[in-house]
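Remarks on the structure that follows.
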Amino acid sequence: LKKIHDDTEGDSIKAGEIVDAFKHRGYGPLLLAASLLCVLPTGAIPGVPTITAFLIILIAGQMVVGRKTPWLPDFLCEREIKMDKFESARQKVEPYTKKIDKVLKPRFEILTEGIGVRIVAALCVVLACFMPPLEVVPFAAIIPALAIVILSVGLSAKDGVVMVVGCGLAVFGIGAALHFLMNG
């Protein structure tokens, strides 16, 4: 994020430029941003889990088919973010990202590339499909969204250990979702 800020001239930056700066590693942060919408209190707002699910399917679906870099619709890419707001947000998250970077590191990288990424992406699509029907149960959509958060952190950091934890949570999330939908 610091490099993006340092390399940007002018008083605003387009969302598409941020995604381009991440290149092939852009999928993890995009999935993280989308899934956090559902995990945070905003996920209790009616319609948010469904919108979040659509975004996750759009992003993860591209990974499943093997697209190297993320594509976003023009209306999202053209959204401008004021540099002062971008810098303010970057400074707020920086202490957290430094702490997280001490824990996360590339491990079991075989899980974070090639077919491993496609399997995780397919798992994210399956999890996202459960989110709209779970919207009727207050906060239930958080379960699959949280699994996607963990998986996206693992993808971003190329940390296979975190991805294994995310897969375990995903299996639990799918089981819990099925339980809610069949019994609730």
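By convention here, the chains of the structure tokens are called A, B, ... in the order presented, each chain's residues are numbered starting at 1, and ligands are numbered starting at 1 in the order presented.
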Query raised in the report: Excluding same-chain residues fewer than 3 positions from Leu151 (chain A), what lies within 8 Å of it counting only C-alpha atoms, as a list in words?
Result: Val120, Ala147, Ile148, Gly154, Leu155, Val162, Met163, Val165, Gly166 and Cys167 of chain A
Just the selected residues (C-alpha atoms), exported as a compact mmCIF listing (two decimals), in the first residue's frame, please.
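Output below, filename result-v8.txt:
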# COMPACT_ATOMS: atom_id res chain seq x y z
CA VAL A 120 -9.48 -22.77 -2.72
CA ALA A 147 -13.82 -18.95 6.23
CA ILE A 148 -13.32 -16.83 3.10
CA GLY A 154 -3.65 -17.24 3.26
CA LEU A 155 -3.77 -16.44 -0.45
CA VAL A 162 -3.36 -20.42 7.06
CA MET A 163 -5.07 -21.85 3.99
CA VAL A 165 -6.92 -23.57 8.70
CA GLY A 166 -9.27 -21.76 6.30
CA CYS A 167 -10.19 -25.04 4.60
Please, which residues in region 60-159 of chain A fall within 10 Å of region 172-179 of chain A when counting only C-alpha atoms, and what is the closest atom pair and distance in Å to one decimal for each, ordered by chain then residue number, as CSV?
residue,atom,partner,partner_atom,distance
A:Leu123,CA,A:Ile174,CA,9.7
A:Val126,CA,A:Ile174,CA,8.4
A:Leu127,CA,A:Ile174,CA,6.7
A:Phe130,CA,A:Ala177,CA,6.7
A:Met131,CA,A:Ala177,CA,8.5
A:Pro133,CA,A:Ala177,CA,9.0
A:Leu134,CA,A:Ala177,CA,7.1
A:Ala140,CA,A:Ala177,CA,7.7
A:Ala141,CA,A:Ala177,CA,8.2
A:Ile142,CA,A:Gly173,CA,9.1
A:Ile143,CA,A:Gly173,CA,5.4
A:Pro144,CA,A:Gly173,CA,5.1
A:Ala145,CA,A:Gly173,CA,8.7
A:Leu146,CA,A:Gly173,CA,8.5
A:Ala147,CA,A:Gly173,CA,7.0
A:Ile148,CA,A:Gly173,CA,9.9
Selected residues, N, CA and C atoms, written as a PDB file, in the first residue's frame, please.
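Contents of part35.pdb, as written:
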ATOM      1  N   LEU A 123     -13.788 -23.488  -3.488  1.00  0.00           N
ATOM      2  CA  LEU A 123     -14.333 -23.552  -2.137  1.00  0.00           C
ATOM      3  C   LEU A 123     -14.965 -22.212  -1.749  1.00  0.00           C
ATOM      4  N   VAL A 126     -18.337 -21.971  -3.447  1.00  0.00           N
ATOM      5  CA  VAL A 126     -19.333 -22.788  -2.742  1.00  0.00           C
ATOM      6  C   VAL A 126     -19.782 -22.077  -1.465  1.00  0.00           C
ATOM      7  N   LEU A 127     -18.823 -21.566  -0.694  1.00  0.00           N
ATOM      8  CA  LEU A 127     -19.162 -20.851   0.541  1.00  0.00           C
ATOM      9  C   LEU A 127     -20.043 -19.634   0.251  1.00  0.00           C
ATOM     10  N   PHE A 130     -23.769 -20.152  -0.179  1.00  0.00           N
ATOM     11  CA  PHE A 130     -24.564 -20.337   1.037  1.00  0.00           C
ATOM     12  C   PHE A 130     -24.956 -19.006   1.675  1.00  0.00           C
ATOM     13  N   MET A 131     -24.270 -17.934   1.346  1.00  0.00           N
ATOM     14  CA  MET A 131     -24.499 -16.667   2.038  1.00  0.00           C
ATOM     15  C   MET A 131     -25.890 -16.069   1.807  1.00  0.00           C
ATOM     16  N   PRO A 133     -28.927 -17.487   1.125  1.00  0.00           N
ATOM     17  CA  PRO A 133     -29.995 -18.118   1.900  1.00  0.00           C
ATOM     18  C   PRO A 133     -29.798 -17.987   3.419  1.00  0.00           C
ATOM     19  N   LEU A 134     -28.555 -17.872   3.862  1.00  0.00           N
ATOM     20  CA  LEU A 134     -28.297 -17.714   5.296  1.00  0.00           C
ATOM     21  C   LEU A 134     -28.632 -16.308   5.793  1.00  0.00           C
ATOM     22  N   ALA A 140     -25.859 -15.420  10.471  1.00  0.00           N
ATOM     23  CA  ALA A 140     -25.436 -16.760  10.053  1.00  0.00           C
ATOM     24  C   ALA A 140     -24.488 -16.712   8.852  1.00  0.00           C
ATOM     25  N   ALA A 141     -24.630 -15.718   7.999  1.00  0.00           N
ATOM     26  CA  ALA A 141     -23.758 -15.610   6.819  1.00  0.00           C
ATOM     27  C   ALA A 141     -22.316 -15.312   7.210  1.00  0.00           C
ATOM     28  N   ILE A 142     -22.097 -14.947   8.466  1.00  0.00           N
ATOM     29  CA  ILE A 142     -20.734 -14.677   8.933  1.00  0.00           C
ATOM     30  C   ILE A 142     -19.894 -15.955   8.873  1.00  0.00           C
ATOM     31  N   ILE A 143     -20.508 -17.098   9.099  1.00  0.00           N
ATOM     32  CA  ILE A 143     -19.750 -18.355   9.158  1.00  0.00           C
ATOM     33  C   ILE A 143     -19.014 -18.632   7.843  1.00  0.00           C
ATOM     34  N   PRO A 144     -19.692 -18.687   6.689  1.00  0.00           N
ATOM     35  CA  PRO A 144     -18.933 -18.901   5.449  1.00  0.00           C
ATOM     36  C   PRO A 144     -18.040 -17.704   5.105  1.00  0.00           C
ATOM     37  N   ALA A 145     -18.486 -16.496   5.443  1.00  0.00           N
ATOM     38  CA  ALA A 145     -17.673 -15.310   5.142  1.00  0.00           C
ATOM     39  C   ALA A 145     -16.361 -15.327   5.920  1.00  0.00           C
ATOM     40  N   LEU A 146     -16.403 -15.782   7.166  1.00  0.00           N
ATOM     41  CA  LEU A 146     -15.192 -15.850   7.977  1.00  0.00           C
ATOM     42  C   LEU A 146     -14.197 -16.859   7.389  1.00  0.00           C
ATOM     43  N   ALA A 147     -14.701 -17.972   6.893  1.00  0.00           N
ATOM     44  CA  ALA A 147     -13.821 -18.947   6.233  1.00  0.00           C
ATOM     45  C   ALA A 147     -13.148 -18.310   5.021  1.00  0.00           C
ATOM     46  N   ILE A 148     -13.895 -17.509   4.265  1.00  0.00           N
ATOM     47  CA  ILE A 148     -13.323 -16.832   3.096  1.00  0.00           C
ATOM     48  C   ILE A 148     -12.293 -15.797   3.534  1.00  0.00           C
TER      49      ILE A 148
END
Report task. Can you pull out every residue within 12 Å of Asp20 (chain A), counting only C-alpha atoms, but drop anything in the same chain fewer than 6 positions away, and send it as a list in words? Result ->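 So the residues in contact are Ile4, Ile13, Lys14, Gly26, Tyr27, Pro29, Leu30, Lys68, Thr69, Pro70, Trp71, Leu72 and Cys77 of chain A.
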Could you save the residues just selected, with all heavy atoms, as a CSV table (one decimal), in the first residue's frame?
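Output contents, as saved in result-v5.csv:
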chain,number,residue,atom,x,y,z
A,4,ILE,N,2.1,1.9,-3.5
A,4,ILE,CA,1.0,2.4,-4.3
A,4,ILE,C,0.9,3.9,-4.0
A,4,ILE,O,0.8,4.7,-5.0
A,4,ILE,CB,-0.4,1.8,-4.0
A,4,ILE,CG1,-0.3,0.3,-4.5
A,4,ILE,CG2,-1.5,2.5,-4.7
A,4,ILE,CD1,-1.5,-0.5,-4.1
A,13,ILE,N,-6.8,8.4,-6.8
A,13,ILE,CA,-6.3,7.1,-7.4
A,13,ILE,C,-7.6,6.3,-7.7
A,13,ILE,O,-8.5,6.3,-7.0
A,13,ILE,CB,-5.3,6.3,-6.5
A,13,ILE,CG1,-4.8,5.1,-7.2
A,13,ILE,CG2,-6.0,6.0,-5.2
A,13,ILE,CD1,-3.6,4.4,-6.5
A,14,LYS,N,-7.5,5.7,-8.9
A,14,LYS,CA,-8.7,4.8,-9.3
A,14,LYS,C,-8.5,3.4,-8.6
A,14,LYS,O,-7.4,2.9,-8.5
A,14,LYS,CB,-8.8,4.7,-10.8
A,14,LYS,CG,-9.1,6.0,-11.4
A,14,LYS,CD,-9.3,5.9,-12.9
A,14,LYS,CE,-9.7,7.2,-13.5
A,14,LYS,NZ,-9.8,7.1,-15.0
A,26,GLY,N,-3.6,-9.8,-6.4
A,26,GLY,CA,-4.8,-9.0,-6.2
A,26,GLY,C,-6.0,-9.8,-5.7
A,26,GLY,O,-6.9,-9.2,-5.1
A,27,TYR,N,-6.0,-11.1,-6.0
A,27,TYR,CA,-7.2,-11.9,-5.7
A,27,TYR,C,-7.4,-12.0,-4.2
A,27,TYR,O,-8.5,-11.8,-3.7
A,27,TYR,CB,-7.1,-13.3,-6.2
A,27,TYR,CG,-7.4,-13.3,-7.7
A,27,TYR,CD1,-6.4,-13.7,-8.6
A,27,TYR,CD2,-8.6,-13.1,-8.2
A,27,TYR,CE1,-6.6,-13.7,-10.0
A,27,TYR,CE2,-8.9,-13.1,-9.6
A,27,TYR,CZ,-7.9,-13.4,-10.5
A,27,TYR,OH,-8.2,-13.5,-11.8
A,29,PRO,N,-6.5,-9.9,-1.6
A,29,PRO,CA,-7.0,-8.7,-1.0
A,29,PRO,C,-8.4,-8.4,-1.5
A,29,PRO,O,-9.2,-7.9,-0.7
A,29,PRO,CB,-6.1,-7.6,-1.5
A,29,PRO,CG,-4.8,-8.3,-1.7
A,29,PRO,CD,-5.2,-9.6,-2.2
A,30,LEU,N,-8.8,-8.7,-2.7
A,30,LEU,CA,-10.2,-8.4,-3.2
A,30,LEU,C,-11.1,-9.3,-2.5
A,30,LEU,O,-12.2,-8.9,-2.0
A,30,LEU,CB,-10.3,-8.6,-4.7
A,30,LEU,CG,-9.7,-7.5,-5.6
A,30,LEU,CD1,-9.7,-8.0,-7.0
A,30,LEU,CD2,-10.4,-6.2,-5.4
A,68,LYS,N,-5.1,-15.0,-14.6
A,68,LYS,CA,-3.9,-14.6,-13.9
A,68,LYS,C,-4.1,-13.4,-13.0
A,68,LYS,O,-3.5,-13.3,-11.9
A,68,LYS,CB,-2.7,-14.4,-14.9
A,68,LYS,CG,-2.3,-15.6,-15.7
A,68,LYS,CD,-1.7,-16.6,-14.8
A,68,LYS,CE,-1.3,-17.8,-15.6
A,68,LYS,NZ,-1.3,-19.1,-14.9
A,69,THR,N,-4.8,-12.4,-13.5
A,69,THR,CA,-5.0,-11.1,-12.8
A,69,THR,C,-6.5,-10.9,-12.7
A,69,THR,O,-7.3,-11.2,-13.6
A,69,THR,CB,-4.3,-9.9,-13.4
A,69,THR,OG1,-4.8,-9.8,-14.8
A,69,THR,CG2,-2.8,-10.1,-13.4
A,70,PRO,N,-6.9,-10.2,-11.6
A,70,PRO,CA,-8.4,-10.0,-11.5
A,70,PRO,C,-8.9,-9.0,-12.5
A,70,PRO,O,-8.2,-8.0,-12.8
A,70,PRO,CB,-8.5,-9.4,-10.1
A,70,PRO,CG,-7.2,-9.4,-9.5
A,70,PRO,CD,-6.2,-9.8,-10.5
A,71,TRP,N,-10.1,-9.2,-12.9
A,71,TRP,CA,-10.9,-8.3,-13.8
A,71,TRP,C,-12.0,-7.8,-12.9
A,71,TRP,O,-12.7,-8.5,-12.2
A,71,TRP,CB,-11.4,-8.9,-15.0
A,71,TRP,CG,-12.4,-8.1,-15.8
A,71,TRP,CD1,-12.1,-7.2,-16.7
A,71,TRP,CD2,-13.8,-8.1,-15.6
A,71,TRP,NE1,-13.2,-6.6,-17.2
A,71,TRP,CE2,-14.3,-7.1,-16.5
A,71,TRP,CE3,-14.7,-8.7,-14.8
A,71,TRP,CZ2,-15.7,-6.8,-16.6
A,71,TRP,CZ3,-16.0,-8.4,-14.9
A,71,TRP,CH2,-16.5,-7.5,-15.8
A,72,LEU,N,-12.2,-6.5,-13.0
A,72,LEU,CA,-13.4,-5.9,-12.3
A,72,LEU,C,-14.1,-5.0,-13.3
A,72,LEU,O,-13.6,-4.5,-14.3
A,72,LEU,CB,-12.9,-4.9,-11.2
A,72,LEU,CG,-12.3,-5.6,-9.9
A,72,LEU,CD1,-11.9,-4.6,-8.9
A,72,LEU,CD2,-13.3,-6.5,-9.3
A,77,CYS,N,-13.7,-0.1,-11.4
A,77,CYS,CA,-12.3,0.3,-11.7
A,77,CYS,C,-12.2,1.8,-11.8
A,77,CYS,O,-11.2,2.4,-11.4
A,77,CYS,CB,-11.8,-0.3,-13.0
A,77,CYS,SG,-11.5,-2.1,-12.8
Report task. Assign secondary structure with DSSP using the backbone only, and return the residues of region 1-127 of chain A in strand (DSSP E) as JSON, numbers by chain. Result -> {"A": [12, 13, 14, 80, 81, 82]}
Query raised in the report: Using only C-alpha atoms, which of the listed residues (A:Leu31, A:Ile110, A:Val93, A:Leu76) sits closest to Val153 (chain A)?
Result: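 Smallest distance to Val153 (chain A) is found for A:Leu31.
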Query raised in the report: Which one is closest to Glu80 (chain A): A:Ala157, A:Leu37, A:Asp6, A:Ile18? Count only C-alpha atoms.
Result: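 Of the candidates, the smallest distance to Glu80 (chain A) is held by A:Ile18.
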Query raised in the report: Restricting the calculation to only C-alpha atoms, which member of A:Ala33, A:Met83, A:Ile57, A:Val64 is positioned closest to Glu9 (chain A)?
Result: A:Met83
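When CA of Gly66 (chain A) is paired with CA of Val161 (chain A), their separation reads 22.4 Å.
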Query raised in the report: In Å, how far is it from CA of Lys2 (chain A) to CA of Asp74 (chain A)?
Result: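 Computing it gives 24.6 Å between the two atoms.
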